[in-house]
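Next comes input-v6.cif, a file with mmCIF, C-alpha atoms and all ligand atoms.
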data_my_file
loop_
_atom_site.label_atom_id
_atom_site.label_comp_id
_atom_site.auth_asym_id
_atom_site.auth_seq_id
_atom_site.Cartn_x
_atom_site.Cartn_y
_atom_site.Cartn_z
CA MET A 1 8.44 -8.01 -6.40
CA SER A 2 5.76 -5.52 -6.85
CA ARG A 3 6.63 -1.99 -6.07
CA GLN A 4 3.63 0.00 -6.64
CA TRP A 5 3.19 3.45 -5.91
CA THR A 6 0.72 4.57 -3.57
CA ASN A 7 -1.93 6.91 -4.00
CA ALA A 8 -2.79 10.20 -3.00
CA ALA A 9 -3.42 11.76 0.14
CA LEU A 10 -5.51 14.54 0.79
CA PRO A 11 -5.55 17.12 3.06
CA PHE A 12 -7.40 18.94 5.00
CA ALA A 13 -7.39 20.98 7.56
CA ARG A 14 -9.13 22.34 10.40
CA LEU A 15 -12.15 20.55 10.34
CA LEU A 16 -12.73 19.50 7.09
CA LEU A 17 -11.83 17.81 4.38
CA VAL A 18 -11.80 15.76 1.69
CA ALA A 19 -9.86 14.17 -0.54
CA VAL A 20 -8.74 12.73 -3.33
CA ALA A 21 -7.11 10.31 -4.82
CA LEU A 22 -6.33 8.12 -7.17
CA GLY A 23 -6.74 5.10 -8.80
CA THR A 24 -4.39 2.53 -9.62
CA LEU A 25 -1.83 3.22 -12.12
CA GLY A 26 0.50 0.48 -12.82
CA PRO A 27 3.66 0.14 -10.94
CA ARG A 28 5.73 1.38 -13.78
CA VAL A 29 6.01 5.01 -14.21
CA VAL A 30 5.98 6.56 -17.57
CA GLY A 31 9.21 8.22 -18.38
CA LEU A 32 8.89 11.51 -19.91
CA GLY A 33 11.77 11.96 -21.96
CA ALA A 34 14.30 14.42 -21.76
CA PHE A 35 14.13 17.86 -20.86
CA GLY A 36 17.21 19.50 -20.12
CA LEU A 37 18.61 20.28 -16.81
CA GLY A 38 18.04 23.93 -16.54
CA THR A 39 21.05 26.02 -16.88
CA LEU A 40 20.98 28.24 -13.93
CA GLY A 41 23.06 31.23 -13.44
CA GLU A 42 24.38 32.43 -10.16
CA GLU A 43 21.67 35.02 -10.07
CA LYS A 44 19.07 32.38 -9.19
CA PRO A 45 17.53 33.31 -5.85
CA ASN A 46 17.99 29.82 -4.50
CA THR A 47 21.73 29.37 -4.63
CA PRO A 48 22.97 28.21 -1.21
CA GLU A 49 24.88 31.42 -0.60
CA GLN A 50 21.58 33.31 -0.62
CA CYS A 51 20.36 31.59 2.54
CA PRO A 52 20.64 34.23 5.27
CA TYR A 53 20.92 31.57 7.95
CA CYS A 54 23.64 29.18 6.86
CA ARG A 55 24.89 31.16 3.83
CA GLY A 56 25.83 27.86 2.25
CA ASN A 57 28.73 27.73 4.70
CA PRO A 58 29.75 24.06 5.06
CA GLU A 59 30.63 24.46 8.71
CA LEU A 60 27.35 26.08 9.68
CA MET A 61 25.39 23.62 7.57
CA ALA A 62 27.09 20.65 9.18
CA LYS A 63 26.32 22.07 12.60
CA ALA A 64 22.68 22.44 11.60
CA GLN A 65 22.66 18.93 10.11
CA ILE A 66 21.99 20.26 6.64
CA VAL A 67 23.63 18.19 3.94
CA SER A 68 22.95 20.49 1.01
CA HIS A 69 20.96 23.46 -0.28
CA GLY A 70 20.64 22.03 -3.78
CA GLY A 71 22.36 20.10 -6.50
CA PHE A 72 21.06 16.69 -5.43
CA ALA A 73 19.00 14.23 -7.45
CA PHE A 74 15.28 14.88 -7.20
CA GLY A 75 12.39 13.15 -8.94
CA LYS A 76 13.79 11.82 -12.17
CA LEU A 77 16.00 14.87 -12.51
CA ASP A 78 18.03 16.85 -10.09
CA THR A 79 17.23 20.09 -8.33
CA HIS A 80 18.56 22.18 -11.23
CA GLY A 81 16.38 20.24 -13.63
CA VAL A 82 13.30 20.81 -11.47
CA ASP A 83 14.18 24.51 -11.22
CA GLY A 84 14.24 24.60 -15.01
CA LEU A 85 10.97 22.72 -15.29
CA LEU A 86 9.16 24.89 -12.74
CA ALA A 87 10.79 28.14 -13.69
CA THR A 88 8.11 30.29 -12.09
CA SER A 89 8.43 28.61 -8.70
CA ASP A 90 11.19 29.77 -6.41
CA ILE A 91 12.17 26.52 -4.83
CA ARG A 92 14.43 26.46 -1.80
CA TRP A 93 16.16 23.10 -1.71
CA ILE A 94 17.32 21.54 1.49
CA GLU A 95 18.74 18.10 2.14
CA THR A 96 18.90 16.66 5.63
CA PRO A 97 20.35 13.35 6.82
CA HIS A 98 17.15 11.52 5.76
CA PHE A 99 15.11 13.81 3.52
CA GLU A 100 15.41 15.78 0.29
CA ILE A 101 13.07 18.72 0.35
CA GLY A 102 11.95 21.35 -2.12
CA PHE A 103 10.03 24.22 -0.54
CA ALA A 104 8.48 26.77 -2.89
CA LEU A 105 6.04 28.77 -0.78
CA GLY A 106 6.47 32.42 0.08
CA SER A 107 6.83 34.15 3.41
CA HIS A 108 4.55 33.36 6.33
CA LYS A 109 3.33 35.75 8.98
CA VAL A 110 3.34 34.06 12.37
CA GLU A 111 -0.20 34.01 13.74
CA VAL A 112 -0.92 34.58 17.42
CA GLU A 113 -2.06 31.02 17.99
CA GLU A 114 1.09 29.51 16.51
CA LYS A 115 3.58 31.85 18.13
CA THR A 116 4.53 29.53 20.98
CA LYS A 117 5.08 26.54 18.77
CA ILE A 118 7.08 28.37 16.13
CA ARG A 119 9.23 30.23 18.64
CA ALA A 120 10.19 26.94 20.22
CA GLU A 121 11.09 25.49 16.84
CA LEU A 122 13.09 28.57 15.84
CA THR A 123 14.92 28.43 19.15
CA GLU A 124 16.03 24.93 18.22
CA LEU A 125 17.21 26.15 14.84
CA ALA A 126 19.01 29.09 16.42
CA ALA A 127 21.18 26.73 18.46
CA ALA A 128 23.08 25.90 15.29
CA LEU A 129 22.21 28.93 13.17
CA PRO A 130 22.75 32.15 15.16
CA GLU A 131 21.15 34.29 12.47
CA VAL A 132 17.77 32.78 13.27
CA VAL A 133 15.71 35.09 15.49
CA PRO A 134 13.10 33.06 17.40
CA THR A 135 10.79 36.03 17.88
CA VAL A 136 10.68 36.98 14.21
CA LYS A 137 7.18 37.87 13.04
CA VAL A 138 7.50 36.84 9.42
CA LEU A 139 9.17 33.65 8.28
CA ASP A 140 10.93 34.12 4.96
CA PRO A 141 11.13 31.21 2.52
CA TRP A 142 14.65 30.22 3.54
CA LEU A 143 13.69 30.10 7.18
CA ARG A 144 10.61 28.07 6.32
CA ALA A 145 12.77 25.62 4.40
CA HIS A 146 14.99 25.18 7.44
CA LEU A 147 11.89 24.84 9.61
CA TYR A 148 10.48 22.03 7.45
CA ALA A 149 13.87 20.32 7.47
CA LEU A 150 13.71 20.37 11.26
CA ARG A 151 10.13 19.06 11.28
CA CYS A 152 10.94 16.22 8.91
CA GLU A 153 13.86 15.10 11.03
CA LYS A 154 11.63 15.22 14.11
CA LEU A 155 9.16 12.96 12.38
CA TRP A 156 12.05 10.64 11.53
CA LYS A 157 12.93 10.35 15.22
CA ARG A 158 9.30 9.81 16.12
CA MET A 159 9.04 6.95 13.64
CA LEU A 160 12.23 5.33 14.94
CA ALA A 161 10.68 5.44 18.41
CA ILE A 162 7.35 3.99 17.29
CA LEU A 163 9.01 1.24 15.28
CA GLN A 164 11.60 0.73 18.03
CA VAL A 165 14.53 0.73 15.66
CA SER A 166 17.73 2.74 15.41
CA GLU A 167 19.92 3.96 12.60
CA SER A 168 22.37 1.15 13.20
CA ASP A 169 19.68 -1.37 12.30
CA PHE A 170 20.00 -0.14 8.71
CA PRO A 171 23.66 -0.01 7.74
CA ALA A 172 24.58 1.65 4.48
CA THR A 173 24.68 -0.90 1.69
CA PRO A 174 25.71 -0.23 -1.87
CA TRP A 175 23.16 -0.11 -4.63
CA THR A 176 23.32 1.21 -8.15
CA GLU A 177 20.45 3.26 -9.53
CA GLY A 178 18.35 1.39 -11.99
CA THR A 179 19.38 -2.08 -10.87
CA GLN A 180 17.16 -4.54 -9.10
CA ILE A 181 16.93 -3.92 -5.41
CA ILE A 182 18.18 -6.62 -3.14
CA GLY A 183 18.09 -6.25 0.59
CA MET A 184 17.57 -3.11 2.52
CA GLY A 185 19.01 0.36 2.35
CA GLN A 186 20.07 2.67 5.13
CA TYR A 187 16.97 4.87 5.21
CA LEU A 188 14.72 2.65 7.29
CA GLY A 189 15.16 0.08 4.53
CA GLN A 190 15.01 2.31 1.45
CA PHE A 191 18.14 3.06 -0.54
CA GLY A 192 17.10 6.61 -1.33
CA LYS A 193 16.23 9.42 1.03
CA PHE A 194 12.57 10.40 1.37
CA GLU A 195 11.51 13.24 -0.91
CA LEU A 196 9.12 16.10 -0.22
CA LEU A 197 8.09 18.80 -2.68
CA ILE A 198 5.83 21.63 -1.52
CA LEU A 199 4.60 23.81 -4.38
CA PRO A 200 2.59 27.02 -4.34
CA THR A 201 0.00 26.27 -6.99
CA GLN A 202 -2.01 23.45 -8.42
CA SER A 203 -0.71 24.30 -11.86
CA SER A 204 2.94 23.88 -10.85
CA HIS A 205 2.00 20.69 -8.99
CA SER A 206 0.22 19.25 -12.02
CA MET A 207 3.05 20.22 -14.31
CA TYR A 208 5.58 18.46 -12.13
CA LEU A 209 3.54 15.27 -11.75
CA LEU A 210 2.76 15.08 -15.45
CA ASN A 211 6.32 15.70 -16.49
CA GLN A 212 7.92 13.39 -13.96
CA PHE A 213 5.43 10.58 -13.57
CA GLY A 214 2.91 11.00 -16.35
CA LEU A 215 0.17 11.71 -13.82
CA THR A 216 -2.74 14.09 -14.11
CA ILE A 217 -3.39 14.60 -10.45
CA LYS A 218 -4.61 17.75 -8.75
CA ASN A 219 -4.06 16.73 -5.18
CA THR A 220 -1.27 15.57 -2.99
CA GLN A 221 0.43 12.53 -4.43
CA ARG A 222 2.71 9.94 -2.92
CA TRP A 223 4.82 8.03 -5.37
CA ASN A 224 7.47 5.34 -5.46
CA LEU A 225 10.40 6.44 -7.59
CA ILE A 226 11.66 3.05 -8.57
CA GLN A 227 14.76 4.22 -10.36
CA ARG A 228 16.15 5.85 -7.24
CA ASP A 229 14.38 3.69 -4.68
CA THR A 230 12.87 6.79 -3.18
CA LEU A 231 9.40 7.38 -1.80
CA SER A 232 8.25 10.87 -2.58
CA VAL A 233 5.33 13.13 -1.82
CA THR A 234 4.31 16.15 -3.85
CA MET A 235 1.77 18.69 -2.61
CA HIS A 236 0.60 22.23 -3.25
CA ALA A 237 -0.80 24.95 -1.03
CA GLN A 238 -4.00 25.57 -2.95
CA GLN A 239 -5.71 22.69 -1.15
CA GLY A 240 -7.91 23.31 1.86
CA ASP A 241 -6.11 25.22 4.57
CA LEU A 242 -2.61 24.36 3.45
CA ARG A 243 -1.64 27.98 3.19
CA LYS A 244 -1.72 27.90 6.96
CA ASP A 245 1.57 26.71 8.33
CA ASP A 246 0.09 24.48 10.99
CA ALA A 247 -2.18 22.69 8.53
CA LEU A 248 0.70 22.26 6.11
CA HIS A 249 2.88 20.86 8.87
CA GLY A 250 0.21 18.27 9.69
CA HIS A 251 -0.29 17.35 6.05
CA VAL A 252 3.46 16.84 5.60
CA VAL A 253 3.60 14.62 8.67
CA PHE A 254 0.58 12.58 7.56
CA ASN A 255 2.04 11.85 4.14
CA LEU A 256 5.68 11.42 5.10
CA GLY A 257 4.62 9.25 8.01
CA ILE A 258 2.87 6.85 5.66
CA ASN A 259 5.85 6.90 3.31
CA LEU A 260 8.22 6.14 6.18
CA LEU A 261 6.05 3.21 7.22
CA ASP A 262 5.83 1.99 3.62
CA GLY A 263 9.60 2.25 3.27
CA TYR A 264 10.25 0.42 6.53
CA ARG A 265 12.37 -2.66 5.79
CA HIS A 266 12.05 -1.67 2.14
CA TYR A 267 8.93 -0.95 0.12
CA SER A 268 8.56 -4.20 -1.78
CA TYR A 269 4.81 -4.76 -1.41
CA ASP A 270 1.83 -2.97 0.05
CA THR A 271 0.82 -3.68 3.61
CA PRO A 272 -2.85 -3.32 4.62
CA ILE A 273 -4.39 0.11 4.25
CA TRP A 274 -5.90 0.27 7.74
CA ILE A 275 -2.63 0.44 9.65
CA ARG A 276 -1.01 2.91 7.24
CA GLU A 277 -3.92 5.31 7.21
CA GLY A 278 -4.42 4.89 10.95
CA LEU A 279 -0.79 5.72 11.68
CA GLY A 280 -0.92 8.71 9.30
CA HIS A 281 -3.88 10.10 11.25
CA PHE A 282 -2.20 9.31 14.56
CA LEU A 283 0.96 11.22 13.61
CA GLU A 284 -0.85 14.19 12.13
CA ARG A 285 -3.16 14.52 15.11
CA GLU A 286 -0.17 14.46 17.45
CA ILE A 287 0.90 17.68 15.78
CA ASN A 288 -2.55 19.27 16.01
CA PRO A 289 -5.87 17.39 15.90
CA ARG A 290 -7.54 20.36 14.26
CA ASN A 291 -5.88 19.55 10.97
CA ASN A 292 -6.68 16.31 9.25
CA SER A 293 -5.68 14.80 5.96
CA PHE A 294 -7.58 12.02 4.27
CA ASP A 295 -6.62 9.50 1.69
CA SER A 296 -9.70 9.03 -0.33
CA SER A 297 -10.99 8.81 -3.81
CA GLU A 298 -12.16 11.29 -6.30
CA GLY A 299 -15.63 9.91 -5.79
CA GLY A 300 -15.33 10.46 -2.07
CA ILE A 301 -15.27 14.15 -2.43
CA ALA A 302 -18.68 14.53 -0.95
CA GLU A 303 -17.30 13.52 2.38
CA LEU A 304 -16.64 16.71 4.14
CA THR A 305 -16.25 16.96 7.81
CA ARG A 306 -15.69 19.91 10.02
CA LYS A 307 -15.17 17.65 12.96
CA TRP A 308 -11.79 17.64 14.57
CA LYS A 309 -12.76 16.02 17.87
CA TRP A 310 -12.69 12.45 16.76
CA GLU A 311 -13.07 10.74 20.11
CA PRO A 312 -16.83 11.34 20.37
CA GLU A 313 -17.22 10.29 16.74
CA VAL A 314 -15.54 6.98 17.45
CA LYS A 315 -17.72 6.48 20.51
CA LYS A 316 -20.85 7.12 18.50
CA LEU A 317 -19.65 4.70 15.90
CA VAL A 318 -18.95 2.01 18.45
CA LEU A 319 -22.37 2.45 20.04
CA LYS A 320 -24.16 2.45 16.72
CA SER A 321 -22.36 -0.22 14.77
CA PRO A 322 -18.94 -1.19 16.09
CA PRO A 323 -16.38 -1.57 13.33
CA ARG A 324 -14.64 -4.92 13.32
CA LEU A 325 -10.95 -5.28 12.61
CA ALA A 326 -11.63 -8.13 10.21
CA GLU A 327 -13.72 -5.73 8.11
CA VAL A 328 -11.37 -2.78 8.30
CA LEU A 329 -8.57 -5.10 7.32
CA GLY A 330 -10.47 -5.89 4.15
CA ILE A 331 -10.09 -2.35 2.81
CA LYS A 332 -7.91 -2.80 -0.24
CA GLU A 333 -7.74 0.68 -1.73
CA TYR A 334 -7.51 4.13 -0.19
CA ALA A 335 -10.49 4.97 -2.35
CA GLU A 336 -12.66 2.64 -0.28
CA LEU A 337 -12.13 4.53 2.97
CA THR A 338 -15.26 6.10 4.38
CA LEU A 339 -15.21 8.82 6.98
CA ASP A 340 -16.12 6.21 9.62
CA ASP A 341 -13.18 4.12 8.44
CA HIS A 342 -10.87 7.08 9.00
CA PHE A 343 -12.15 7.46 12.56
CA ALA A 344 -11.85 3.72 13.18
CA THR A 345 -8.34 3.24 11.77
CA TRP A 346 -7.09 6.22 13.76
CA SER A 347 -8.63 4.93 16.98
CA MET A 348 -7.51 1.33 16.50
CA VAL A 349 -3.92 2.36 15.85
CA SER A 350 -4.04 4.79 18.78
CA TYR A 351 -5.29 1.98 21.01
CA LEU A 352 -2.51 -0.40 19.99
CA ILE A 353 0.23 2.21 20.41
CA ALA A 354 -1.16 3.32 23.77
CA THR A 355 -1.71 -0.11 25.26
CA ASN A 356 1.04 -2.20 23.67
CA PRO A 357 3.77 -0.12 22.01
CA ASP A 358 6.17 -3.07 21.96
CA GLY A 359 3.59 -5.23 20.25
CA PHE A 360 2.86 -2.48 17.73
CA ALA A 361 6.55 -2.18 16.83
CA LYS A 362 6.98 -5.92 16.48
CA PHE A 363 3.78 -6.29 14.49
CA ASN A 364 4.97 -3.75 11.92
CA ARG A 365 8.31 -5.49 11.65
CA LEU A 366 6.64 -8.82 10.95
CA LEU A 367 4.23 -7.23 8.49
CA HIS A 368 7.16 -5.86 6.51
CA ASP A 369 9.13 -9.11 6.56
CA ASN A 370 6.96 -11.37 4.43
CA VAL A 371 9.06 -13.50 2.09
CA ASP A 372 8.44 -16.33 -0.34
CA SER A 373 10.16 -19.71 -0.47
CA ASN A 374 13.18 -18.09 -2.09
CA GLY A 375 13.45 -15.55 0.64
CA LEU A 376 12.25 -12.71 -1.58
CA PRO A 377 9.78 -10.11 -0.30
CA THR A 378 6.19 -10.80 -1.31
CA GLY A 379 2.72 -9.55 -0.55
CA VAL A 380 1.33 -13.01 -1.18
CA GLY A 381 -0.18 -14.59 1.89
CA LEU A 382 -0.01 -11.33 3.77
CA LEU A 383 -3.45 -11.69 5.33
CA ASP A 384 -2.47 -15.01 6.89
CA LEU A 385 0.71 -13.47 8.20
CA HIS A 386 -1.30 -10.52 9.50
CA ARG A 387 -3.58 -12.81 11.51
CA GLU A 388 -0.78 -14.88 12.99
CA ALA A 389 1.43 -11.88 13.73
CA PHE A 390 -1.47 -10.04 15.32
CA LYS A 391 -2.06 -12.91 17.72
CA GLU A 392 1.64 -13.21 18.45
CA CYS A 393 2.24 -9.50 19.05
CA PHE A 394 -0.95 -8.50 20.82
CA GLY A 395 -2.08 -11.81 22.28
CA MET A 396 -5.53 -11.37 20.77
CA SER A 397 -7.62 -12.79 17.99
CA TYR A 398 -9.53 -10.25 15.90
CA PRO A 399 -12.79 -10.67 17.88
CA GLU A 400 -10.85 -10.35 21.12
CA PHE A 401 -9.27 -7.16 19.81
CA ASP A 402 -12.69 -5.79 18.81
CA ALA A 403 -13.97 -6.35 22.32
CA ALA A 404 -10.91 -4.86 24.02
CA TRP A 405 -10.76 -1.83 21.75
CA THR A 406 -14.49 -1.18 22.11
CA THR A 407 -14.19 -1.29 25.89
CA TRP A 408 -11.24 1.12 25.72
CA VAL A 409 -13.16 3.55 23.54
CA LEU A 410 -16.28 3.46 25.72
CA ALA A 411 -14.16 4.00 28.82
CA GLY A 412 -13.21 7.36 27.39
CA HIS A 413 -9.65 6.61 26.31
CA GLY A 414 -8.15 7.56 23.02
CA GLY A 415 -8.82 11.24 23.19
CA ASP A 416 -6.91 13.78 21.28
CA PRO A 417 -3.53 14.71 22.66
CA ARG A 418 -4.49 18.35 22.97
CA LYS A 419 -7.80 17.72 24.59
CA GLU A 420 -7.47 20.58 26.98
CA GLU A 421 -7.36 23.02 24.14
CA LYS A 422 -10.56 24.88 23.63
CA GLU A 423 -12.34 24.46 20.39
CA GLY A 424 -11.76 27.48 18.27
CA GLY A 425 -13.64 28.88 15.37
CA THR A 426 -14.55 26.61 12.56
CA PRO A 427 -13.44 27.92 9.24
CA PRO A 428 -15.67 27.18 6.32
CA GLY A 429 -15.00 23.87 4.73
CA VAL A 430 -13.34 23.76 1.40
CA PRO A 431 -13.69 20.64 -0.64
CA VAL A 432 -10.55 19.47 -2.25
CA GLY A 433 -10.78 18.68 -5.88
CA GLY A 434 -10.21 15.17 -6.98
CA GLY A 435 -7.35 13.61 -8.77
CA GLY A 436 -7.68 10.76 -11.09
CA GLY A 437 -5.24 8.71 -12.81
ZN ZN A 501 20.43 27.63 4.90
#
Here is a file; write its structure as C-alpha cells.
Ligand SMILES: [Zn+2]
Amino acid sequence: MSRQWTNAALPFARLLLVAVALGTLGPRVVGLGAFGLGTLGEEKPNTPEQCPYCRGNPELMAKAQIVSHGGFAFGKLDTHGVDGLLATSDIRWIETPHFEIGFALGSHKVEVEEKTKIRAELTELAAALPEVVPTVKVLDPWLRAHLYALRCEKLWKRMLAILQVSESDFPATPWTEGTQIIGMGQYLGQFGKFELLILPTQSSHSMYLLNQFGLTIKNTQRWNLIQRDTLSVTMHAQQGDLRKDDALHGHVVFNLGINLLDGYRHYSYDTPIWIREGLGHFLEREINPRNNSFDSSEGGIAELTRKWKWEPEVKKLVLKSPPRLAEVLGIKEYAELTLDDHFATWSMVSYLIATNPDGFAKFNRLLHDNVDSNGLPTGVGLLDLHREAFKECFGMSYPEFDAAWTTWVLAGHGGDPRKEEKEGGTPPGVPVGGGGG
C-alpha cells in the first residue's frame, strides 16, 4: 500500500495568498539519525506545573479533556527530544483526546474585532478551568495552547458530523509501532493521534523538518509519519498573516481538516485532490472567509489574491468558462491548482454539502474504502470507483452535476457563511515563499 505524504499547504490570510508547496518526495522518509532526547531540567518553562490554568493537576486536566502537557511521542522523537532540538523555541505541549499539539508562539493581544469570538471560546475553557478569565486582554502562551486544543477538538467534532460517523465506529485496535498497518485505528481510522506543531520562525520550522523528515521546506508542511501512523502538520508564524490569531486558526483548520479527511478509514492511498482541497477551503472559510490557505506549488507563487469574497469569483468563472468536474477531478498534484481551481473546488464541495450532506458523507466513505482482490486498500482504479460512487451517492453523472452546480451558483447560493459582515480593510498582500523538496 502506498502511504505517501502529502504536500504542503500554504497559507494565507486575509485576502491574499500564496503558496507553496512541494513536490513529490518519495513515500519513505529519511531518518535522521540520532540526536539525543534533550535532558530537561525542572526549570524548563514548559513543565506541566507551570501552566497557570490546569497546573498539571490530573483532576483539572481530566475535566478539561487534556490528556497531557508533555512527555508524549512527537515526530520521530518525543516532546523532550523536540525541546532539545528546538532549544530556542518555548514549546507548550498539549495532548487532547485526538490531537498532539506543540504551540511555540508568544502572547497575543486580543484585537477588538476578535474579542467576541475569543471571549466565547475562553468562556468554554473556563467551565473546566476556573483560572481562565474570559475577558482577559492578553492571551499568554499557555492559554493559547489550551485555546488551540479546544479549537482542534471542535474541528474533530465538525468532521465527525460531516462524515456522519461517531467514535464508536472506530474502536481501539492494537498496533505496534513500526509494523505493517492492517485495518483501521481508533482516530478516524489512523492508529496515531493527529499532530500539530506551530513554530514562531521559519528557521525553527526548517530545522525541525530537516531533522525529522529530511525536508528543506519553508512553508507549512503536512506529512505522514509512517512509523507512528500519524498525520502531522508543521507551520510557522512568519507566513502571511499567521501572526494574527484568526488567520492562524483558519490555517490550522485548513490543514488539519485535510489531514483528518486523509486519515479517514486510514490513510493508505491518496484520494483525488479536488475534494480534499475543496473541503479544506470549506472548513477554513467556516471559521472566517477573510483568511484563506492555498495548497500550491513553488512555481505558483505569483498567484496572489486579495479576494476573500469568493462567491462572485465563482459566478464570474461559471459565466466565463464553467469548470467541469471531470476536469477538476483530473488534478493530480496540489502544484497544479490554479486560483480558479481553488474557487471551483471550494464551491463544488460547498454545493454538495449544502444540497446532499448524506450523499457527501457516503461518497467520502466509499472513496476511502477502495480495496484490491485481496481486500487490501489500493488507489488503483480509484477514478472508476469515483465515477460509480458519485452516481450512487448524488444521483448524477458528471455532466449532470456540472449543470446542477452551475445553476446553483448562478442562483446566488454558496455564499460565504459570514456574508453579512462588512468588508474590512485589505491588508497588503504578502507572498509566501516557496518550499521545494
Ligand atoms: Zn494547562
Under the rule of at most 9 Å, produce a per-residue listing of chain A near ligand ZN 501 (chain A): chain, number, name, the closest pair of atoms, and the distance in Å, as JSON lines, using only C-alpha atoms and all ligand atoms.
{"residue": "A:Pro48", "atom": "CA", "partner": "A:ZN501", "partner_atom": "ZN", "distance": 6.6}
{"residue": "A:Glu49", "atom": "CA", "partner": "A:ZN501", "partner_atom": "ZN", "distance": 8.0}
{"residue": "A:Gln50", "atom": "CA", "partner": "A:ZN501", "partner_atom": "ZN", "distance": 8.0}
{"residue": "A:Cys51", "atom": "CA", "partner": "A:ZN501", "partner_atom": "ZN", "distance": 4.6}
{"residue": "A:Pro52", "atom": "CA", "partner": "A:ZN501", "partner_atom": "ZN", "distance": 6.6}
{"residue": "A:Tyr53", "atom": "CA", "partner": "A:ZN501", "partner_atom": "ZN", "distance": 5.0}
{"residue": "A:Cys54", "atom": "CA", "partner": "A:ZN501", "partner_atom": "ZN", "distance": 4.1}
{"residue": "A:Arg55", "atom": "CA", "partner": "A:ZN501", "partner_atom": "ZN", "distance": 5.8}
{"residue": "A:Gly56", "atom": "CA", "partner": "A:ZN501", "partner_atom": "ZN", "distance": 6.0}
{"residue": "A:Asn57", "atom": "CA", "partner": "A:ZN501", "partner_atom": "ZN", "distance": 8.3}
{"residue": "A:Leu60", "atom": "CA", "partner": "A:ZN501", "partner_atom": "ZN", "distance": 8.6}
{"residue": "A:Met61", "atom": "CA", "partner": "A:ZN501", "partner_atom": "ZN", "distance": 6.9}
{"residue": "A:Ala64", "atom": "CA", "partner": "A:ZN501", "partner_atom": "ZN", "distance": 8.8}
{"residue": "A:Ile66", "atom": "CA", "partner": "A:ZN501", "partner_atom": "ZN", "distance": 7.7}
{"residue": "A:Ser68", "atom": "CA", "partner": "A:ZN501", "partner_atom": "ZN", "distance": 8.5}
{"residue": "A:His69", "atom": "CA", "partner": "A:ZN501", "partner_atom": "ZN", "distance": 6.7}
{"residue": "A:Ile94", "atom": "CA", "partner": "A:ZN501", "partner_atom": "ZN", "distance": 7.6}
{"residue": "A:Leu129", "atom": "CA", "partner": "A:ZN501", "partner_atom": "ZN", "distance": 8.6}
{"residue": "A:Trp142", "atom": "CA", "partner": "A:ZN501", "partner_atom": "ZN", "distance": 6.5}
{"residue": "A:Leu143", "atom": "CA", "partner": "A:ZN501", "partner_atom": "ZN", "distance": 7.5}
{"residue": "A:Ala145", "atom": "CA", "partner": "A:ZN501", "partner_atom": "ZN", "distance": 7.9}
{"residue": "A:His146", "atom": "CA", "partner": "A:ZN501", "partner_atom": "ZN", "distance": 6.5}
Point to revise | Spatial neighbours of range 372-384 of chain A, 10 Å, all atoms listed in the file, chain gap at least 2 places, as number ranges by chain | key: A: 1-2, 182-183, 265-272, 329-330, 367-370, 386-390
Check your understanding: What does the distance from CA of His108 in chain A to CA of Asp140 in chain A come to in Å, to one decimal?
Key ->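 Distance reported for this atom pair: 6.6 Å.
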Exercise for review: Extract, using all atoms listed in the file, all DNA, RNA and protein residues at most 10 Å from Val67 in chain A, discarding same-chain residues fewer than 2 positions from it, and format them as a ChimeraX atom specification.
Suggested key: /A:58,61-65,69-70,72,94-100
Practice item. Select, from A:Tyr334, A:Trp308, A:Trp274, A:Tyr264, the residue with the minimum atom-to-atom distance to Phe294 in chain A, counting all atoms listed in the file. Key: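 Closest residue, counting all atoms listed in the file: A:Tyr334.
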Within 10 Å of range 158-173 of chain A using all atoms listed in the file, minus same-chain residues under 5 positions, as a PDB file with C-alpha atoms, in the coordinates of the input:
ATOM      1  CA  CYS A 152      10.940  16.220   8.910  1.00  0.00           C
ATOM      2  CA  GLU A 153      13.860  15.100  11.030  1.00  0.00           C
ATOM      3  CA  ILE A 182      18.180  -6.620  -3.140  1.00  0.00           C
ATOM      4  CA  GLY A 183      18.090  -6.250   0.590  1.00  0.00           C
ATOM      5  CA  MET A 184      17.570  -3.110   2.520  1.00  0.00           C
ATOM      6  CA  GLY A 185      19.010   0.360   2.350  1.00  0.00           C
ATOM      7  CA  GLN A 186      20.070   2.670   5.130  1.00  0.00           C
ATOM      8  CA  TYR A 187      16.970   4.870   5.210  1.00  0.00           C
ATOM      9  CA  LEU A 188      14.720   2.650   7.290  1.00  0.00           C
ATOM     10  CA  GLY A 189      15.160   0.080   4.530  1.00  0.00           C
ATOM     11  CA  GLN A 190      15.010   2.310   1.450  1.00  0.00           C
ATOM     12  CA  PHE A 191      18.140   3.060  -0.540  1.00  0.00           C
ATOM     13  CA  GLY A 257       4.620   9.250   8.010  1.00  0.00           C
ATOM     14  CA  LEU A 260       8.220   6.140   6.180  1.00  0.00           C
ATOM     15  CA  LEU A 261       6.050   3.210   7.220  1.00  0.00           C
ATOM     16  CA  TYR A 264      10.250   0.420   6.530  1.00  0.00           C
ATOM     17  CA  ARG A 265      12.370  -2.660   5.790  1.00  0.00           C
ATOM     18  CA  LEU A 283       0.960  11.220  13.610  1.00  0.00           C
ATOM     19  CA  ILE A 353       0.230   2.210  20.410  1.00  0.00           C
ATOM     20  CA  PRO A 357       3.770  -0.120  22.010  1.00  0.00           C
ATOM     21  CA  ASP A 358       6.170  -3.070  21.960  1.00  0.00           C
ATOM     22  CA  GLY A 359       3.590  -5.230  20.250  1.00  0.00           C
ATOM     23  CA  PHE A 360       2.860  -2.480  17.730  1.00  0.00           C
ATOM     24  CA  ALA A 361       6.550  -2.180  16.830  1.00  0.00           C
ATOM     25  CA  LYS A 362       6.980  -5.920  16.480  1.00  0.00           C
ATOM     26  CA  PHE A 363       3.780  -6.290  14.490  1.00  0.00           C
ATOM     27  CA  ASN A 364       4.970  -3.750  11.920  1.00  0.00           C
ATOM     28  CA  ARG A 365       8.310  -5.490  11.650  1.00  0.00           C
TER      29      ARG A 365
END
Practice item. For CA of Gly178 in chain A and CA of Leu225 in chain A, determine how far apart the two atoms are, in Å to one decimal place. Key: 10.4 Å
